[in-house]
Amino acid sequence: MTAERPRDGFADARASPIPRLAGDRGSITALSAAVLAAMVVLAMGASDVARVLHAASRAQTAADAAALAAAQSLAIDEEGPEPAALAGEYAERNGAVLETCSCERGTFEATVSVRLPVGDLFLVAGDRTVQARARAQVDLPVP
């Protein structure tokens, strides 16, 4: 058997010329775990923002529908439910609760405000709601 000479003065060619401390072992695992945890928190925050934006969009849809229903009821001026009751019904159909309705007989304009619950969020505890307002005005054709 022949003895091989180490290259460049190192006993093992694969070994790093930089000495390693025994305490460095596993540091990449800890760093990877920290990065993964940060990514999970970031994803949860993005999910919360998306959920709130979706709820805000739904609340605005409910407010628009409620305002249009109340304004149409004011313009038609027939027997039936009051414009505020009709606005509340349309808000409820869209998952919201009517807070205010400024819809007085003799006008063709309705302004409503609705509230819609957001639901559970990952990073924020407690019940959260979004609010939306809408105004609708009916222009009747001139004969």
# chains A, B, ... in the order shown; residues from 1 in each chain; ligands from 1

call {"tool": "select_by_dssp", "arguments": {"residues": "chain A", "states": "helix (DSSP H, G or I)", "output": "PDB file with N, CA and C atoms, in the first residue's frame"}}
result
ATOM      1  N   ARG A   7      -2.665  17.019  -0.397  1.00  0.00           N
ATOM      2  CA  ARG A   7      -2.503  18.134  -1.334  1.00  0.00           C
ATOM      3  C   ARG A   7      -2.488  19.449  -0.571  1.00  0.00           C
ATOM      4  N   ASP A   8      -1.664  20.320  -0.989  1.00  0.00           N
ATOM      5  CA  ASP A   8      -1.563  21.666  -0.429  1.00  0.00           C
ATOM      6  C   ASP A   8      -1.430  21.671   1.088  1.00  0.00           C
ATOM      7  N   GLY A   9      -0.920  20.649   1.628  1.00  0.00           N
ATOM      8  CA  GLY A   9      -0.685  20.622   3.054  1.00  0.00           C
ATOM      9  C   GLY A   9      -1.904  20.242   3.873  1.00  0.00           C
ATOM     10  N   ALA A  22     -17.384  23.839  16.893  1.00  0.00           N
ATOM     11  CA  ALA A  22     -18.409  22.818  17.120  1.00  0.00           C
ATOM     12  C   ALA A  22     -19.764  23.448  17.412  1.00  0.00           C
ATOM     13  N   GLY A  23     -19.824  24.699  17.913  1.00  0.00           N
ATOM     14  CA  GLY A  23     -21.075  25.375  18.231  1.00  0.00           C
ATOM     15  C   GLY A  23     -21.825  25.867  17.004  1.00  0.00           C
ATOM     16  N   ASP A  24     -21.195  25.913  15.841  1.00  0.00           N
ATOM     17  CA  ASP A  24     -21.856  26.368  14.625  1.00  0.00           C
ATOM     18  C   ASP A  24     -22.762  25.301  14.024  1.00  0.00           C
ATOM     19  N   SER A  27     -26.757  25.668  12.896  1.00  0.00           N
ATOM     20  CA  SER A  27     -27.208  27.064  12.864  1.00  0.00           C
ATOM     21  C   SER A  27     -28.093  27.340  11.651  1.00  0.00           C
ATOM     22  N   ILE A  28     -27.882  26.635  10.557  1.00  0.00           N
ATOM     23  CA  ILE A  28     -28.730  26.807   9.376  1.00  0.00           C
ATOM     24  C   ILE A  28     -30.143  26.317   9.668  1.00  0.00           C
ATOM     25  N   THR A  29     -30.270  25.276  10.449  1.00  0.00           N
ATOM     26  CA  THR A  29     -31.590  24.772  10.817  1.00  0.00           C
ATOM     27  C   THR A  29     -32.355  25.813  11.621  1.00  0.00           C
ATOM     28  N   ALA A  30     -31.709  26.444  12.558  1.00  0.00           N
ATOM     29  CA  ALA A  30     -32.364  27.474  13.368  1.00  0.00           C
ATOM     30  C   ALA A  30     -32.730  28.673  12.506  1.00  0.00           C
ATOM     31  N   LEU A  31     -31.858  29.075  11.601  1.00  0.00           N
ATOM     32  CA  LEU A  31     -32.138  30.181  10.707  1.00  0.00           C
ATOM     33  C   LEU A  31     -33.303  29.847   9.775  1.00  0.00           C
ATOM     34  N   SER A  32     -33.321  28.641   9.265  1.00  0.00           N
ATOM     35  CA  SER A  32     -34.424  28.210   8.394  1.00  0.00           C
ATOM     36  C   SER A  32     -35.752  28.213   9.137  1.00  0.00           C
ATOM     37  N   ALA A  33     -35.746  27.778  10.378  1.00  0.00           N
ATOM     38  CA  ALA A  33     -36.967  27.778  11.186  1.00  0.00           C
ATOM     39  C   ALA A  33     -37.462  29.205  11.422  1.00  0.00           C
ATOM     40  N   ALA A  34     -36.556  30.134  11.664  1.00  0.00           N
ATOM     41  CA  ALA A  34     -36.942  31.529  11.883  1.00  0.00           C
ATOM     42  C   ALA A  34     -37.518  32.140  10.609  1.00  0.00           C
ATOM     43  N   VAL A  35     -36.912  31.861   9.471  1.00  0.00           N
ATOM     44  CA  VAL A  35     -37.418  32.376   8.196  1.00  0.00           C
ATOM     45  C   VAL A  35     -38.785  31.772   7.899  1.00  0.00           C
ATOM     46  N   LEU A  36     -38.958  30.495   8.144  1.00  0.00           N
ATOM     47  CA  LEU A  36     -40.247  29.843   7.928  1.00  0.00           C
ATOM     48  C   LEU A  36     -41.323  30.445   8.827  1.00  0.00           C
ATOM     49  N   ALA A  37     -41.004  30.700  10.082  1.00  0.00           N
ATOM     50  CA  ALA A  37     -41.963  31.316  11.004  1.00  0.00           C
ATOM     51  C   ALA A  37     -42.347  32.719  10.525  1.00  0.00           C
ATOM     52  N   ALA A  38     -41.376  33.481  10.059  1.00  0.00           N
ATOM     53  CA  ALA A  38     -41.671  34.825   9.539  1.00  0.00           C
ATOM     54  C   ALA A  38     -42.561  34.745   8.310  1.00  0.00           C
ATOM     55  N   MET A  39     -42.330  33.775   7.459  1.00  0.00           N
ATOM     56  CA  MET A  39     -43.163  33.618   6.262  1.00  0.00           C
ATOM     57  C   MET A  39     -44.595  33.224   6.626  1.00  0.00           C
ATOM     58  N   VAL A  40     -44.767  32.396   7.645  1.00  0.00           N
ATOM     59  CA  VAL A  40     -46.104  32.005   8.089  1.00  0.00           C
ATOM     60  C   VAL A  40     -46.856  33.217   8.636  1.00  0.00           C
ATOM     61  N   VAL A  41     -46.188  34.020   9.452  1.00  0.00           N
ATOM     62  CA  VAL A  41     -46.826  35.229   9.998  1.00  0.00           C
ATOM     63  C   VAL A  41     -47.187  36.196   8.875  1.00  0.00           C
ATOM     64  N   LEU A  42     -46.310  36.344   7.901  1.00  0.00           N
ATOM     65  CA  LEU A  42     -46.591  37.216   6.757  1.00  0.00           C
ATOM     66  C   LEU A  42     -47.790  36.702   5.956  1.00  0.00           C
ATOM     67  N   ALA A  43     -47.868  35.410   5.755  1.00  0.00           N
ATOM     68  CA  ALA A  43     -49.003  34.830   5.032  1.00  0.00           C
ATOM     69  C   ALA A  43     -50.303  35.027   5.812  1.00  0.00           C
ATOM     70  N   MET A  44     -50.245  34.895   7.128  1.00  0.00           N
ATOM     71  CA  MET A  44     -51.439  35.115   7.948  1.00  0.00           C
ATOM     72  C   MET A  44     -51.890  36.575   7.870  1.00  0.00           C
ATOM     73  N   GLY A  45     -50.941  37.492   7.880  1.00  0.00           N
ATOM     74  CA  GLY A  45     -51.283  38.908   7.745  1.00  0.00           C
ATOM     75  C   GLY A  45     -51.897  39.216   6.394  1.00  0.00           C
ATOM     76  N   ALA A  46     -51.348  38.636   5.343  1.00  0.00           N
ATOM     77  CA  ALA A  46     -51.907  38.843   4.004  1.00  0.00           C
ATOM     78  C   ALA A  46     -53.320  38.271   3.916  1.00  0.00           C
ATOM     79  N   SER A  47     -53.541  37.148   4.561  1.00  0.00           N
ATOM     80  CA  SER A  47     -54.876  36.549   4.583  1.00  0.00           C
ATOM     81  C   SER A  47     -55.864  37.452   5.323  1.00  0.00           C
ATOM     82  N   ASP A  48     -55.435  38.036   6.426  1.00  0.00           N
ATOM     83  CA  ASP A  48     -56.304  38.957   7.166  1.00  0.00           C
ATOM     84  C   ASP A  48     -56.658  40.186   6.331  1.00  0.00           C
ATOM     85  N   VAL A  49     -55.678  40.739   5.648  1.00  0.00           N
ATOM     86  CA  VAL A  49     -55.941  41.910   4.807  1.00  0.00           C
ATOM     87  C   VAL A  49     -56.918  41.548   3.688  1.00  0.00           C
ATOM     88  N   ALA A  50     -56.733  40.400   3.078  1.00  0.00           N
ATOM     89  CA  ALA A  50     -57.636  39.966   2.005  1.00  0.00           C
ATOM     90  C   ALA A  50     -59.052  39.771   2.537  1.00  0.00           C
ATOM     91  N   ARG A  51     -59.171  39.201   3.722  1.00  0.00           N
ATOM     92  CA  ARG A  51     -60.501  38.984   4.297  1.00  0.00           C
ATOM     93  C   ARG A  51     -61.200  40.312   4.595  1.00  0.00           C
ATOM     94  N   VAL A  52     -60.466  41.291   5.123  1.00  0.00           N
ATOM     95  CA  VAL A  52     -61.062  42.594   5.419  1.00  0.00           C
ATOM     96  C   VAL A  52     -61.466  43.305   4.128  1.00  0.00           C
ATOM     97  N   LEU A  53     -60.621  43.242   3.109  1.00  0.00           N
ATOM     98  CA  LEU A  53     -60.966  43.879   1.836  1.00  0.00           C
ATOM     99  C   LEU A  53     -62.191  43.228   1.193  1.00  0.00           C
ATOM    100  N   HIS A  54     -62.300  41.923   1.301  1.00  0.00           N
ATOM    101  CA  HIS A  54     -63.470  41.226   0.757  1.00  0.00           C
ATOM    102  C   HIS A  54     -64.735  41.631   1.516  1.00  0.00           C
ATOM    103  N   ALA A  55     -64.640  41.730   2.840  1.00  0.00           N
ATOM    104  CA  ALA A  55     -65.786  42.156   3.641  1.00  0.00           C
ATOM    105  C   ALA A  55     -66.177  43.597   3.313  1.00  0.00           C
ATOM    106  N   ALA A  56     -65.198  44.449   3.086  1.00  0.00           N
ATOM    107  CA  ALA A  56     -65.491  45.845   2.719  1.00  0.00           C
ATOM    108  C   ALA A  56     -66.203  45.916   1.376  1.00  0.00           C
ATOM    109  N   SER A  57     -65.797  45.074   0.452  1.00  0.00           N
ATOM    110  CA  SER A  57     -66.454  45.027  -0.856  1.00  0.00           C
ATOM    111  C   SER A  57     -67.897  44.543  -0.726  1.00  0.00           C
ATOM    112  N   ARG A  58     -68.102  43.519   0.083  1.00  0.00           N
ATOM    113  CA  ARG A  58     -69.461  43.010   0.300  1.00  0.00           C
ATOM    114  C   ARG A  58     -70.329  44.050   0.999  1.00  0.00           C
ATOM    115  N   ALA A  59     -69.746  44.793   1.954  1.00  0.00           N
ATOM    116  CA  ALA A  59     -70.494  45.832   2.655  1.00  0.00           C
ATOM    117  C   ALA A  59     -70.898  46.945   1.698  1.00  0.00           C
ATOM    118  N   GLN A  60     -69.996  47.313   0.782  1.00  0.00           N
ATOM    119  CA  GLN A  60     -70.329  48.358  -0.186  1.00  0.00           C
ATOM    120  C   GLN A  60     -71.424  47.889  -1.135  1.00  0.00           C
ATOM    121  N   THR A  61     -71.389  46.630  -1.520  1.00  0.00           N
ATOM    122  CA  THR A  61     -72.449  46.072  -2.364  1.00  0.00           C
ATOM    123  C   THR A  61     -73.786  46.128  -1.638  1.00  0.00           C
ATOM    124  N   ALA A  62     -73.795  45.766  -0.358  1.00  0.00           N
ATOM    125  CA  ALA A  62     -75.025  45.802   0.425  1.00  0.00           C
ATOM    126  C   ALA A  62     -75.542  47.228   0.570  1.00  0.00           C
ATOM    127  N   ALA A  63     -74.642  48.181   0.791  1.00  0.00           N
ATOM    128  CA  ALA A  63     -75.055  49.585   0.920  1.00  0.00           C
ATOM    129  C   ALA A  63     -75.623  50.101  -0.399  1.00  0.00           C
ATOM    130  N   ASP A  64     -74.986  49.768  -1.502  1.00  0.00           N
ATOM    131  CA  ASP A  64     -75.493  50.199  -2.810  1.00  0.00           C
ATOM    132  C   ASP A  64     -76.884  49.637  -3.077  1.00  0.00           C
ATOM    133  N   ALA A  65     -77.068  48.349  -2.807  1.00  0.00           N
ATOM    134  CA  ALA A  65     -78.373  47.720  -3.039  1.00  0.00           C
ATOM    135  C   ALA A  65     -79.446  48.331  -2.147  1.00  0.00           C
ATOM    136  N   ALA A  66     -79.111  48.585  -0.892  1.00  0.00           N
ATOM    137  CA  ALA A  66     -80.076  49.172   0.032  1.00  0.00           C
ATOM    138  C   ALA A  66     -80.456  50.586  -0.386  1.00  0.00           C
ATOM    139  N   ALA A  67     -79.480  51.376  -0.788  1.00  0.00           N
ATOM    140  CA  ALA A  67     -79.762  52.750  -1.217  1.00  0.00           C
ATOM    141  C   ALA A  67     -80.607  52.771  -2.491  1.00  0.00           C
ATOM    142  N   LEU A  68     -80.293  51.905  -3.428  1.00  0.00           N
ATOM    143  CA  LEU A  68     -81.086  51.844  -4.665  1.00  0.00           C
ATOM    144  C   LEU A  68     -82.521  51.406  -4.397  1.00  0.00           C
ATOM    145  N   ALA A  69     -82.693  50.427  -3.523  1.00  0.00           N
ATOM    146  CA  ALA A  69     -84.047  49.968  -3.197  1.00  0.00           C
ATOM    147  C   ALA A  69     -84.856  51.072  -2.523  1.00  0.00           C
ATOM    148  N   ALA A  70     -84.231  51.788  -1.592  1.00  0.00           N
ATOM    149  CA  ALA A  70     -84.947  52.870  -0.903  1.00  0.00           C
ATOM    150  C   ALA A  70     -85.274  54.008  -1.863  1.00  0.00           C
ATOM    151  N   ALA A  71     -84.330  54.382  -2.727  1.00  0.00           N
ATOM    152  CA  ALA A  71     -84.577  55.474  -3.672  1.00  0.00           C
ATOM    153  C   ALA A  71     -85.654  55.096  -4.678  1.00  0.00           C
ATOM    154  N   GLN A  72     -85.647  53.866  -5.134  1.00  0.00           N
ATOM    155  CA  GLN A  72     -86.685  53.425  -6.076  1.00  0.00           C
ATOM    156  C   GLN A  72     -88.051  53.425  -5.403  1.00  0.00           C
ATOM    157  N   SER A  73     -88.102  53.014  -4.151  1.00  0.00           N
ATOM    158  CA  SER A  73     -89.359  53.031  -3.413  1.00  0.00           C
ATOM    159  C   SER A  73     -89.876  54.463  -3.240  1.00  0.00           C
ATOM    160  N   LEU A  74     -88.957  55.383  -3.013  1.00  0.00           N
ATOM    161  CA  LEU A  74     -89.355  56.795  -2.895  1.00  0.00           C
ATOM    162  C   LEU A  74     -89.879  57.343  -4.221  1.00  0.00           C
ATOM    163  N   ALA A  75     -89.245  56.952  -5.309  1.00  0.00           N
ATOM    164  CA  ALA A  75     -89.633  57.480  -6.619  1.00  0.00           C
ATOM    165  C   ALA A  75     -90.958  56.907  -7.095  1.00  0.00           C
ATOM    166  N   ILE A  76     -91.204  55.642  -6.828  1.00  0.00           N
ATOM    167  CA  ILE A  76     -92.448  55.014  -7.288  1.00  0.00           C
ATOM    168  C   ILE A  76     -93.620  55.478  -6.451  1.00  0.00           C
ATOM    169  N   PRO A  83     -89.538  52.864   2.752  1.00  0.00           N
ATOM    170  CA  PRO A  83     -88.214  52.800   2.123  1.00  0.00           C
ATOM    171  C   PRO A  83     -87.112  52.318   3.066  1.00  0.00           C
ATOM    172  N   ALA A  84     -87.178  52.707   4.341  1.00  0.00           N
ATOM    173  CA  ALA A  84     -86.160  52.259   5.297  1.00  0.00           C
ATOM    174  C   ALA A  84     -86.263  50.754   5.535  1.00  0.00           C
ATOM    175  N   ALA A  85     -87.486  50.239   5.610  1.00  0.00           N
ATOM    176  CA  ALA A  85     -87.668  48.794   5.788  1.00  0.00           C
ATOM    177  C   ALA A  85     -87.170  48.034   4.566  1.00  0.00           C
ATOM    178  N   LEU A  86     -87.428  48.574   3.393  1.00  0.00           N
ATOM    179  CA  LEU A  86     -86.957  47.952   2.156  1.00  0.00           C
ATOM    180  C   LEU A  86     -85.428  47.978   2.083  1.00  0.00           C
ATOM    181  N   ALA A  87     -84.836  49.094   2.503  1.00  0.00           N
ATOM    182  CA  ALA A  87     -83.370  49.190   2.532  1.00  0.00           C
ATOM    183  C   ALA A  87     -82.790  48.170   3.507  1.00  0.00           C
ATOM    184  N   GLY A  88     -83.430  48.014   4.659  1.00  0.00           N
ATOM    185  CA  GLY A  88     -82.973  47.024   5.629  1.00  0.00           C
ATOM    186  C   GLY A  88     -83.060  45.604   5.093  1.00  0.00           C
ATOM    187  N   GLU A  89     -84.102  45.320   4.340  1.00  0.00           N
ATOM    188  CA  GLU A  89     -84.267  43.990   3.749  1.00  0.00           C
ATOM    189  C   GLU A  89     -83.161  43.704   2.732  1.00  0.00           C
ATOM    190  N   TYR A  90     -82.878  44.683   1.885  1.00  0.00           N
ATOM    191  CA  TYR A  90     -81.831  44.480   0.877  1.00  0.00           C
ATOM    192  C   TYR A  90     -80.438  44.391   1.505  1.00  0.00           C
ATOM    193  N   ALA A  91     -80.216  45.141   2.570  1.00  0.00           N
ATOM    194  CA  ALA A  91     -78.936  45.040   3.275  1.00  0.00           C
ATOM    195  C   ALA A  91     -78.804  43.648   3.891  1.00  0.00           C
ATOM    196  N   GLU A  92     -79.881  43.145   4.477  1.00  0.00           N
ATOM    197  CA  GLU A  92     -79.858  41.822   5.100  1.00  0.00           C
ATOM    198  C   GLU A  92     -79.652  40.718   4.061  1.00  0.00           C
ATOM    199  N   ARG A  93     -80.249  40.876   2.892  1.00  0.00           N
ATOM    200  CA  ARG A  93     -80.053  39.887   1.824  1.00  0.00           C
ATOM    201  C   ARG A  93     -78.587  39.776   1.412  1.00  0.00           C
TER     202      ARG A  93
END

call {"tool": "residues_around", "arguments": {"residues": "A:Arg128", "least_positions_apart": "4", "cutoff": "9 Å", "atoms": "only C-alpha atoms", "output": "PyMOL selection string"}}
result
chain A and resi 52+116-121+124

call {"tool": "write_last_selection", "arguments": {"atoms": "C-alpha atoms", "output": "PDB file, in the first residue's frame"}}
result
ATOM      1  CA  VAL A  52     -61.062  42.594   5.419  1.00  0.00           C
ATOM      2  CA  LEU A 116     -70.975  43.898   8.049  1.00  0.00           C
ATOM      3  CA  PRO A 117     -68.989  41.571  10.334  1.00  0.00           C
ATOM      4  CA  VAL A 118     -65.557  40.582   9.040  1.00  0.00           C
ATOM      5  CA  GLY A 119     -65.289  37.292  10.904  1.00  0.00           C
ATOM      6  CA  ASP A 120     -62.306  35.703  12.607  1.00  0.00           C
ATOM      7  CA  LEU A 121     -58.871  36.994  11.742  1.00  0.00           C
ATOM      8  CA  VAL A 124     -56.178  40.288  15.370  1.00  0.00           C
TER       9      VAL A 124
END

call {"tool": "atom_distance", "arguments": {"atom1": "atom CA of A:Asp77", "atom2": "atom CA of A:Asp139"}}
result
13.8 Å

call {"tool": "select_by_dssp", "arguments": {"residues": "stretch 3-129 of chain A", "states": "strand (DSSP E or B)", "output": "list in words"}}
result
Val97, Leu98, Glu99, Thr100, Cys101, Ser102, Glu109, Ala110, Thr111, Val112, Ser113, Val114, Arg115, Leu116, Pro117 and Thr129 of chain A

call {"tool": "atom_distance", "arguments": {"atom1": "atom CA of A:Arg105", "atom2": "atom CA of A:Arg135"}}
result
15.4 Å
